[in-house]
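Q: Below is a structure I'd like to ask you about.
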Amino acid sequence: MPPIITLTTDFGLADGFVGTMHGVILSICPAARIVDLSHGVAPQGVQEAAFVLAAAVPFFPAGTIHVVVVDPGVGSERRAIAVQTDRAFYVAPDNGVLSEALAQEQVVAAVHLNRPAFWLPIVSHTFHGRDIFAPVGAHLARGVPLRELGDPVSDLLHLPVFQPEREVDGTLLGHVRYIDHFGNLITDVRDRDLASMPQVVVYYKGKRIVGLHPSYAAVPRGELVAVIGSSRRLEIAVREGSAARLLDAQVGDSLGIQDH
């Protein structure tokens, strides 16, 4: 099977940045299959990118190379890194964007990308996605061993991983973890967290949402609904509408869940 490289960035699609990265990769490894995971991450949205990546990587074949360029520190002293796990390779800035993905896998090795032989000949201070991360991903796809790309490191930066908390009165305190394109609010509460709650009631922004429904379409148009979404997490949605807009939701908001 041809090597697979995924790209996750905050570049958007209006400019030529993403296409340029494709060109760099294909110039080095013409056999590569490139999958654009997402280029709609909010600018400098490291936590958002961490969520998007971690939700997607389990569905890719073993050996996939995931290149992530959400990089507020581009041109600074932050390190560029590559990581090998028991399932995949990752190429990214060392800013915590890999935290959630790496928490799901066993890290085998990590290196600081400090070998210019595997970069483009001229490196811009503002486009390391083109000049460092894309070339390194392509060299990995060609079979270059991780250890040749840089010096070993073990002190990778990790961001806090959102986790629900149980209050003294039994309330499960969750958080809005991600807001998708449809305005659905994806939380850090997983289906397993609700296994002991036969009748779930969600309290958020002054609203009371009773019960879990099997789909968005299980309620009338315009009504709030709580579902277990495709990521096996609790979601708050509005049928054929935007929960984010209706509730003025923000990532990090708290919500309470009780059993009634």
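As shown in the structure tokens, the chain order sets the letters A, B, ...; within each chain, residues go from 1, and ligands are also counted from 1 in the order they appear.
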With a cut-off of 10 Å, could you pull out the residues of region 158-244 of chain A touching region 47-57 of chain A and give me the nearest pair of atoms for each, distance in Å to one decimal, using only C-alpha atoms, ordered by chain and ascending number, as a Markdown table?
A:
| residue | atom | partner | partner_atom | distance |
| --- | --- | --- | --- | --- |
| A:Leu159 | CA | A:Gln47 | CA | 8.0 |
| A:Pro160 | CA | A:Gln47 | CA | 9.4 |
| A:Val161 | CA | A:Gln47 | CA | 9.2 |
| A:Phe162 | CA | A:Gln47 | CA | 9.9 |
| A:Arg177 | CA | A:Phe51 | CA | 7.8 |
| A:Tyr178 | CA | A:Glu48 | CA | 6.6 |
| A:Ile179 | CA | A:Glu48 | CA | 8.8 |
| A:Asp180 | CA | A:Val52 | CA | 9.7 |
| A:Ser230 | CA | A:Ala55 | CA | 9.6 |
| A:Ser231 | CA | A:Ala55 | CA | 6.7 |
| A:Arg232 | CA | A:Ala55 | CA | 9.9 |
Q: List the neighbours of Gly222 (chain A) out to 9 Å using only C-alpha atoms; skip same-chain residues closer than 2 positions along the sequence, and give me the result as a ChimeraX atom specification.
A: /A:219-220,224,238-242
Q: I need the residues from that last selection saved to file as a PDB file, in the first residue's frame (with C-alpha atoms), if you can.
A:
ATOM      1  CA  VAL A 219     -36.599  15.718  18.174  1.00  0.00           C
ATOM      2  CA  PRO A 220     -38.632  18.382  16.369  1.00  0.00           C
ATOM      3  CA  LEU A 224     -32.150  21.053  21.622  1.00  0.00           C
ATOM      4  CA  VAL A 238     -30.104  21.679  17.673  1.00  0.00           C
ATOM      5  CA  ARG A 239     -31.975  19.798  14.989  1.00  0.00           C
ATOM      6  CA  GLU A 240     -31.306  21.607  11.698  1.00  0.00           C
ATOM      7  CA  GLY A 241     -29.770  24.486  13.633  1.00  0.00           C
ATOM      8  CA  SER A 242     -26.708  25.540  15.585  1.00  0.00           C
TER       9      SER A 242
END
Q: From region 4-89 of chain A, collect each residue whose DSSP state is strand (DSSP E or B) and return the set as a PDB file with N, CA and C atoms, in the first residue's frame.
A:
ATOM      1  N   ILE A   4       0.726   6.734   3.466  1.00  0.00           N
ATOM      2  CA  ILE A   4      -0.337   7.719   3.679  1.00  0.00           C
ATOM      3  C   ILE A   4       0.190   8.840   4.566  1.00  0.00           C
ATOM      4  N   ILE A   5      -0.037  10.079   4.138  1.00  0.00           N
ATOM      5  CA  ILE A   5       0.316  11.262   4.921  1.00  0.00           C
ATOM      6  C   ILE A   5      -0.945  12.087   5.108  1.00  0.00           C
ATOM      7  N   THR A   6      -1.305  12.371   6.354  1.00  0.00           N
ATOM      8  CA  THR A   6      -2.434  13.274   6.596  1.00  0.00           C
ATOM      9  C   THR A   6      -1.904  14.665   6.932  1.00  0.00           C
ATOM     10  N   LEU A   7      -2.709  15.663   6.596  1.00  0.00           N
ATOM     11  CA  LEU A   7      -2.358  17.052   6.888  1.00  0.00           C
ATOM     12  C   LEU A   7      -3.465  17.685   7.718  1.00  0.00           C
ATOM     13  N   THR A   8      -3.086  18.297   8.825  1.00  0.00           N
ATOM     14  CA  THR A   8      -4.007  19.060   9.672  1.00  0.00           C
ATOM     15  C   THR A   8      -3.384  20.421   9.912  1.00  0.00           C
ATOM     16  N   THR A   9      -4.075  21.484   9.501  1.00  0.00           N
ATOM     17  CA  THR A   9      -3.523  22.833   9.645  1.00  0.00           C
ATOM     18  C   THR A   9      -4.638  23.818   9.987  1.00  0.00           C
ATOM     19  N   ARG A  33       0.134   9.037  -0.673  1.00  0.00           N
ATOM     20  CA  ARG A  33      -1.296   9.371  -0.725  1.00  0.00           C
ATOM     21  C   ARG A  33      -1.538  10.395   0.380  1.00  0.00           C
ATOM     22  N   ILE A  34      -1.984  11.578  -0.012  1.00  0.00           N
ATOM     23  CA  ILE A  34      -2.166  12.676   0.942  1.00  0.00           C
ATOM     24  C   ILE A  34      -3.645  12.804   1.283  1.00  0.00           C
ATOM     25  N   VAL A  35      -3.933  12.818   2.577  1.00  0.00           N
ATOM     26  CA  VAL A  35      -5.304  12.989   3.060  1.00  0.00           C
ATOM     27  C   VAL A  35      -5.368  14.301   3.827  1.00  0.00           C
ATOM     28  N   ASP A  36      -6.221  15.207   3.367  1.00  0.00           N
ATOM     29  CA  ASP A  36      -6.413  16.476   4.076  1.00  0.00           C
ATOM     30  C   ASP A  36      -7.409  16.244   5.202  1.00  0.00           C
ATOM     31  N   LEU A  37      -6.878  16.066   6.400  1.00  0.00           N
ATOM     32  CA  LEU A  37      -7.731  15.775   7.542  1.00  0.00           C
ATOM     33  C   LEU A  37      -8.592  16.984   7.889  1.00  0.00           C
ATOM     34  N   SER A  38      -7.951  18.134   8.076  1.00  0.00           N
ATOM     35  CA  SER A  38      -8.685  19.382   8.271  1.00  0.00           C
ATOM     36  C   SER A  38      -7.743  20.556   8.071  1.00  0.00           C
ATOM     37  N   THR A  64       0.540   5.178   9.257  1.00  0.00           N
ATOM     38  CA  THR A  64       0.200   6.478   8.680  1.00  0.00           C
ATOM     39  C   THR A  64       1.074   7.575   9.295  1.00  0.00           C
ATOM     40  N   ILE A  65       1.418   8.559   8.475  1.00  0.00           N
ATOM     41  CA  ILE A  65       2.226   9.702   8.913  1.00  0.00           C
ATOM     42  C   ILE A  65       1.300  10.908   9.030  1.00  0.00           C
ATOM     43  N   HIS A  66       1.179  11.455  10.236  1.00  0.00           N
ATOM     44  CA  HIS A  66       0.291  12.580  10.483  1.00  0.00           C
ATOM     45  C   HIS A  66       1.128  13.856  10.641  1.00  0.00           C
ATOM     46  N   VAL A  67       0.957  14.786   9.714  1.00  0.00           N
ATOM     47  CA  VAL A  67       1.668  16.068   9.745  1.00  0.00           C
ATOM     48  C   VAL A  67       0.687  17.128  10.232  1.00  0.00           C
ATOM     49  N   VAL A  68       1.054  17.804  11.311  1.00  0.00           N
ATOM     50  CA  VAL A  68       0.172  18.795  11.928  1.00  0.00           C
ATOM     51  C   VAL A  68       0.895  20.134  11.971  1.00  0.00           C
ATOM     52  N   VAL A  69       0.290  21.157  11.369  1.00  0.00           N
ATOM     53  CA  VAL A  69       0.902  22.482  11.368  1.00  0.00           C
ATOM     54  C   VAL A  69      -0.119  23.500  11.878  1.00  0.00           C
ATOM     55  N   ALA A  80      10.717  21.762  16.440  1.00  0.00           N
ATOM     56  CA  ALA A  80       9.966  20.925  15.516  1.00  0.00           C
ATOM     57  C   ALA A  80      10.313  19.485  15.875  1.00  0.00           C
ATOM     58  N   ILE A  81       9.303  18.606  15.904  1.00  0.00           N
ATOM     59  CA  ILE A  81       9.530  17.237  16.363  1.00  0.00           C
ATOM     60  C   ILE A  81       8.896  16.227  15.412  1.00  0.00           C
ATOM     61  N   ALA A  82       9.383  14.999  15.512  1.00  0.00           N
ATOM     62  CA  ALA A  82       8.732  13.852  14.893  1.00  0.00           C
ATOM     63  C   ALA A  82       8.673  12.758  15.947  1.00  0.00           C
ATOM     64  N   VAL A  83       7.547  12.048  15.985  1.00  0.00           N
ATOM     65  CA  VAL A  83       7.315  11.031  17.003  1.00  0.00           C
ATOM     66  C   VAL A  83       6.844   9.751  16.323  1.00  0.00           C
ATOM     67  N   GLN A  84       7.384   8.638  16.789  1.00  0.00           N
ATOM     68  CA  GLN A  84       6.918   7.324  16.339  1.00  0.00           C
ATOM     69  C   GLN A  84       6.208   6.643  17.495  1.00  0.00           C
ATOM     70  N   THR A  85       5.014   6.119  17.229  1.00  0.00           N
ATOM     71  CA  THR A  85       4.293   5.345  18.227  1.00  0.00           C
ATOM     72  C   THR A  85       4.140   3.907  17.729  1.00  0.00           C
ATOM     73  N   ALA A  88       1.713   4.781  14.521  1.00  0.00           N
ATOM     74  CA  ALA A  88       1.780   5.865  13.547  1.00  0.00           C
ATOM     75  C   ALA A  88       3.039   6.693  13.734  1.00  0.00           C
ATOM     76  N   PHE A  89       3.208   7.657  12.821  1.00  0.00           N
ATOM     77  CA  PHE A  89       4.249   8.677  12.936  1.00  0.00           C
ATOM     78  C   PHE A  89       3.562  10.042  12.991  1.00  0.00           C
TER      79      PHE A  89
END
Q: One number please: CA of Ser196 (chain A) to CA of Gln258 (chain A), in Å, one decimal.
A: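 Between CA of Ser196 (chain A) and CA of Gln258 (chain A) the gap works out to 10.6 Å.
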Q: What lies within 10 Å of Leu173 (chain A) using only C-alpha atoms, ignoring chain neighbours under 5 positions off, as a VMD selection string?
A: chain A and resid 163 to 167 188 to 189 202 to 203 254 to 258
Q: For the residues selected in the previous step, produce a file with N, CA and C atoms as a JSON list (two decimals), in the first residue's frame.
A:
[["chain", "number", "residue", "atom", "x", "y", "z"],
["A", 163, "GLN", "N", -11.00, 16.40, 31.13],
["A", 163, "GLN", "CA", -11.63, 15.22, 31.71],
["A", 163, "GLN", "C", -12.84, 15.66, 32.52],
["A", 164, "PRO", "N", -13.95, 14.92, 32.44],
["A", 164, "PRO", "CA", -15.09, 15.24, 33.29],
["A", 164, "PRO", "C", -14.77, 14.94, 34.75],
["A", 165, "GLU", "N", -15.48, 15.62, 35.65],
["A", 165, "GLU", "CA", -15.24, 15.46, 37.08],
["A", 165, "GLU", "C", -16.56, 15.15, 37.77],
["A", 166, "ARG", "N", -16.48, 14.33, 38.82],
["A", 166, "ARG", "CA", -17.67, 13.98, 39.59],
["A", 166, "ARG", "C", -17.76, 14.87, 40.82],
["A", 167, "GLU", "N", -18.88, 15.59, 40.95],
["A", 167, "GLU", "CA", -19.09, 16.45, 42.10],
["A", 167, "GLU", "C", -19.56, 15.63, 43.31],
["A", 188, "ASP", "N", -16.31, 16.53, 26.64],
["A", 188, "ASP", "CA", -15.33, 15.55, 27.08],
["A", 188, "ASP", "C", -15.97, 14.37, 27.81],
["A", 189, "VAL", "N", -17.29, 14.30, 27.82],
["A", 189, "VAL", "CA", -18.01, 13.21, 28.49],
["A", 189, "VAL", "C", -18.20, 12.07, 27.49],
["A", 202, "VAL", "N", -29.13, 16.96, 31.17],
["A", 202, "VAL", "CA", -28.00, 17.85, 30.96],
["A", 202, "VAL", "C", -28.43, 19.28, 31.29],
["A", 203, "TYR", "N", -27.62, 19.98, 32.08],
["A", 203, "TYR", "CA", -27.87, 21.38, 32.42],
["A", 203, "TYR", "C", -26.74, 22.23, 31.83],
["A", 254, "SER", "N", -18.54, 24.84, 30.98],
["A", 254, "SER", "CA", -18.92, 23.70, 31.82],
["A", 254, "SER", "C", -20.39, 23.37, 31.63],
["A", 255, "LEU", "N", -20.72, 22.09, 31.84],
["A", 255, "LEU", "CA", -22.10, 21.64, 31.84],
["A", 255, "LEU", "C", -22.26, 20.58, 32.91],
["A", 256, "GLY", "N", -23.44, 20.51, 33.49],
["A", 256, "GLY", "CA", -23.72, 19.51, 34.51],
["A", 256, "GLY", "C", -24.60, 18.41, 33.99],
["A", 257, "ILE", "N", -24.34, 17.19, 34.44],
["A", 257, "ILE", "CA", -25.13, 16.03, 34.02],
["A", 257, "ILE", "C", -25.56, 15.27, 35.27],
["A", 258, "GLN", "N", -26.86, 15.06, 35.40],
["A", 258, "GLN", "CA", -27.40, 14.34, 36.56],
["A", 258, "GLN", "C", -28.25, 13.17, 36.10]]
Q: With only C-alpha atoms as the atoms that count, which of A:Pro135, A:Phe182, A:Val201, A:Asp86 lies nearest to Pro121 (chain A)?
A: A:Pro135
Q: Give me, as number ranges by chain, all polymer residues having an atom no more than 8 Å from region 125-132 of chain A, counting only C-alpha atoms and skipping those fewer than 3 positions away in the same chain.
A: A: 17, 20-21, 24, 69, 74-75, 118-120, 122, 135-136
Q: From a backbone DSSP assignment, name each residue in region 19-260 of chain A labelled alpha helix (DSSP H), as a ChimeraX atom specification.
A: /A:19-28,46-56,99-103,128,134-141,243-247
Q: Print the selection's residues with N, CA and C atoms to a file, as a compact mmCIF listing (two decimals), in the first residue's frame.
A:
# COMPACT_ATOMS: atom_id res chain seq x y z
N GLY A 19 -1.95 23.57 -0.83
CA GLY A 19 -1.52 23.01 -2.11
C GLY A 19 -0.01 22.98 -2.24
N THR A 20 0.65 24.02 -1.70
CA THR A 20 2.11 24.05 -1.75
C THR A 20 2.71 22.90 -0.95
N MET A 21 2.12 22.60 0.21
CA MET A 21 2.61 21.46 1.00
C MET A 21 2.43 20.16 0.24
N HIS A 22 1.30 20.02 -0.45
CA HIS A 22 1.10 18.84 -1.31
C HIS A 22 2.24 18.73 -2.32
N GLY A 23 2.57 19.86 -2.95
CA GLY A 23 3.61 19.84 -3.96
C GLY A 23 4.96 19.42 -3.40
N VAL A 24 5.31 19.91 -2.23
CA VAL A 24 6.57 19.54 -1.59
C VAL A 24 6.61 18.04 -1.31
N ILE A 25 5.53 17.53 -0.74
CA ILE A 25 5.49 16.11 -0.40
C ILE A 25 5.63 15.25 -1.65
N LEU A 26 4.88 15.59 -2.70
CA LEU A 26 4.90 14.77 -3.91
C LEU A 26 6.21 14.89 -4.67
N SER A 27 6.91 16.01 -4.49
CA SER A 27 8.23 16.14 -5.13
C SER A 27 9.25 15.20 -4.49
N ILE A 28 9.10 14.95 -3.21
CA ILE A 28 10.03 14.08 -2.48
C ILE A 28 9.58 12.63 -2.52
N VAL A 46 -4.50 25.42 18.87
CA VAL A 46 -3.74 24.21 19.20
C VAL A 46 -4.63 23.17 19.87
N GLN A 47 -5.44 23.57 20.85
CA GLN A 47 -6.32 22.62 21.53
C GLN A 47 -7.33 22.03 20.56
N GLU A 48 -7.85 22.84 19.67
CA GLU A 48 -8.81 22.36 18.68
C GLU A 48 -8.17 21.33 17.75
N ALA A 49 -6.97 21.63 17.29
CA ALA A 49 -6.27 20.69 16.42
C ALA A 49 -5.96 19.39 17.14
N ALA A 50 -5.61 19.49 18.42
CA ALA A 50 -5.32 18.29 19.21
C ALA A 50 -6.54 17.37 19.25
N PHE A 51 -7.73 17.97 19.41
CA PHE A 51 -8.96 17.18 19.43
C PHE A 51 -9.24 16.55 18.07
N VAL A 52 -9.17 17.35 17.01
CA VAL A 52 -9.46 16.84 15.66
C VAL A 52 -8.55 15.67 15.33
N LEU A 53 -7.27 15.82 15.61
CA LEU A 53 -6.30 14.78 15.30
C LEU A 53 -6.60 13.51 16.08
N ALA A 54 -6.78 13.63 17.39
CA ALA A 54 -6.98 12.45 18.23
C ALA A 54 -8.26 11.70 17.86
N ALA A 55 -9.29 12.44 17.44
CA ALA A 55 -10.54 11.79 17.06
C ALA A 55 -10.41 10.99 15.77
N ALA A 56 -9.48 11.40 14.90
CA ALA A 56 -9.39 10.79 13.57
C ALA A 56 -8.36 9.67 13.47
N SER A 99 -0.75 16.07 22.08
CA SER A 99 -0.99 15.54 23.42
C SER A 99 -2.05 14.44 23.45
N GLU A 100 -3.21 14.71 22.86
CA GLU A 100 -4.31 13.75 22.95
C GLU A 100 -4.07 12.51 22.09
N ALA A 101 -3.48 12.69 20.92
CA ALA A 101 -3.19 11.54 20.06
C ALA A 101 -2.17 10.63 20.73
N LEU A 102 -1.13 11.21 21.30
CA LEU A 102 -0.08 10.39 21.93
C LEU A 102 -0.59 9.70 23.18
N ALA A 103 -1.58 10.29 23.86
CA ALA A 103 -2.16 9.66 25.05
C ALA A 103 -2.89 8.37 24.72
N HIS A 128 7.10 27.04 8.10
CA HIS A 128 7.76 25.77 8.39
C HIS A 128 6.94 24.58 7.91
N ALA A 134 6.47 19.39 5.99
CA ALA A 134 6.10 18.61 4.80
C ALA A 134 7.27 17.78 4.28
N PRO A 135 8.49 18.36 4.15
CA PRO A 135 9.61 17.52 3.70
C PRO A 135 9.90 16.36 4.63
N VAL A 136 9.86 16.59 5.94
CA VAL A 136 10.14 15.50 6.87
C VAL A 136 9.10 14.40 6.74
N GLY A 137 7.81 14.78 6.64
CA GLY A 137 6.79 13.78 6.44
C GLY A 137 7.03 12.96 5.19
N ALA A 138 7.45 13.64 4.12
CA ALA A 138 7.72 12.94 2.85
C ALA A 138 8.92 12.00 2.97
N HIS A 139 9.96 12.42 3.68
CA HIS A 139 11.12 11.54 3.86
C HIS A 139 10.75 10.32 4.70
N LEU A 140 9.91 10.50 5.71
CA LEU A 140 9.42 9.34 6.45
C LEU A 140 8.67 8.40 5.52
N ALA A 141 7.85 8.96 4.63
CA ALA A 141 7.09 8.14 3.70
C ALA A 141 8.01 7.37 2.75
N ALA A 243 -26.42 24.74 17.86
CA ALA A 243 -26.44 24.88 19.31
C ALA A 243 -25.44 25.95 19.75
N ALA A 244 -24.34 26.05 19.04
CA ALA A 244 -23.33 27.05 19.39
C ALA A 244 -23.90 28.46 19.31
N ARG A 245 -24.65 28.72 18.26
CA ARG A 245 -25.23 30.06 18.07
C ARG A 245 -26.38 30.29 19.06
N LEU A 246 -27.23 29.29 19.23
CA LEU A 246 -28.38 29.44 20.12
C LEU A 246 -27.95 29.70 21.56
N LEU A 247 -26.88 29.01 21.99
CA LEU A 247 -26.47 29.06 23.39
C LEU A 247 -25.23 29.92 23.63
Q: With only C-alpha atoms as the atoms that count, which of A:Ile228, A:Leu185, A:Ala249, A:Val108 lies nearest to Arg87 (chain A)?
A: A:Val108
Q: Considering only C-alpha atoms, can you say which of A:Val111, A:Val18, A:Cys29, A:Leu157 comes closest to Pro145 (chain A)?
A: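 Nearest candidate to Pro145 (chain A) out of A:Val111, A:Val18, A:Cys29, A:Leu157: A:Val111.
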Q: Return the single residue from A:Arg115, A:His39, A:His260, A:Arg79 that is closest to Val210 (chain A), with distances computed using only C-alpha atoms.
A: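 Selected residue with least distance to Val210 (chain A): A:His260.
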Q: Pick the closest to Ala42 (chain A) from A:Ala117, A:Ala237, A:Val107, A:Val70: which is it, counting only C-alpha atoms?
A: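 Checking each candidate against Ala42 (chain A), we get A:Val70 as the closest.
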Q: Considering only C-alpha atoms, state which residue in the set A:Ser154, A:Thr171, A:Ser124, A:Thr187 is at the smallest distance from Ser76 (chain A).
A: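 Of the candidates, the smallest distance to Ser76 (chain A) is held by A:Ser124.
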Q: CA of Val200 (chain A) and CA of Leu212 (chain A), how far apart in Å?
A: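 Between CA of Leu212 (chain A) and CA of Val200 (chain A) the gap is 6.5 Å.
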Q: Could you please determine the separation between CA of Gly45 (chain A) and CA of Leu146 (chain A) in Å, to one decimal place?
A: 27.1 Å
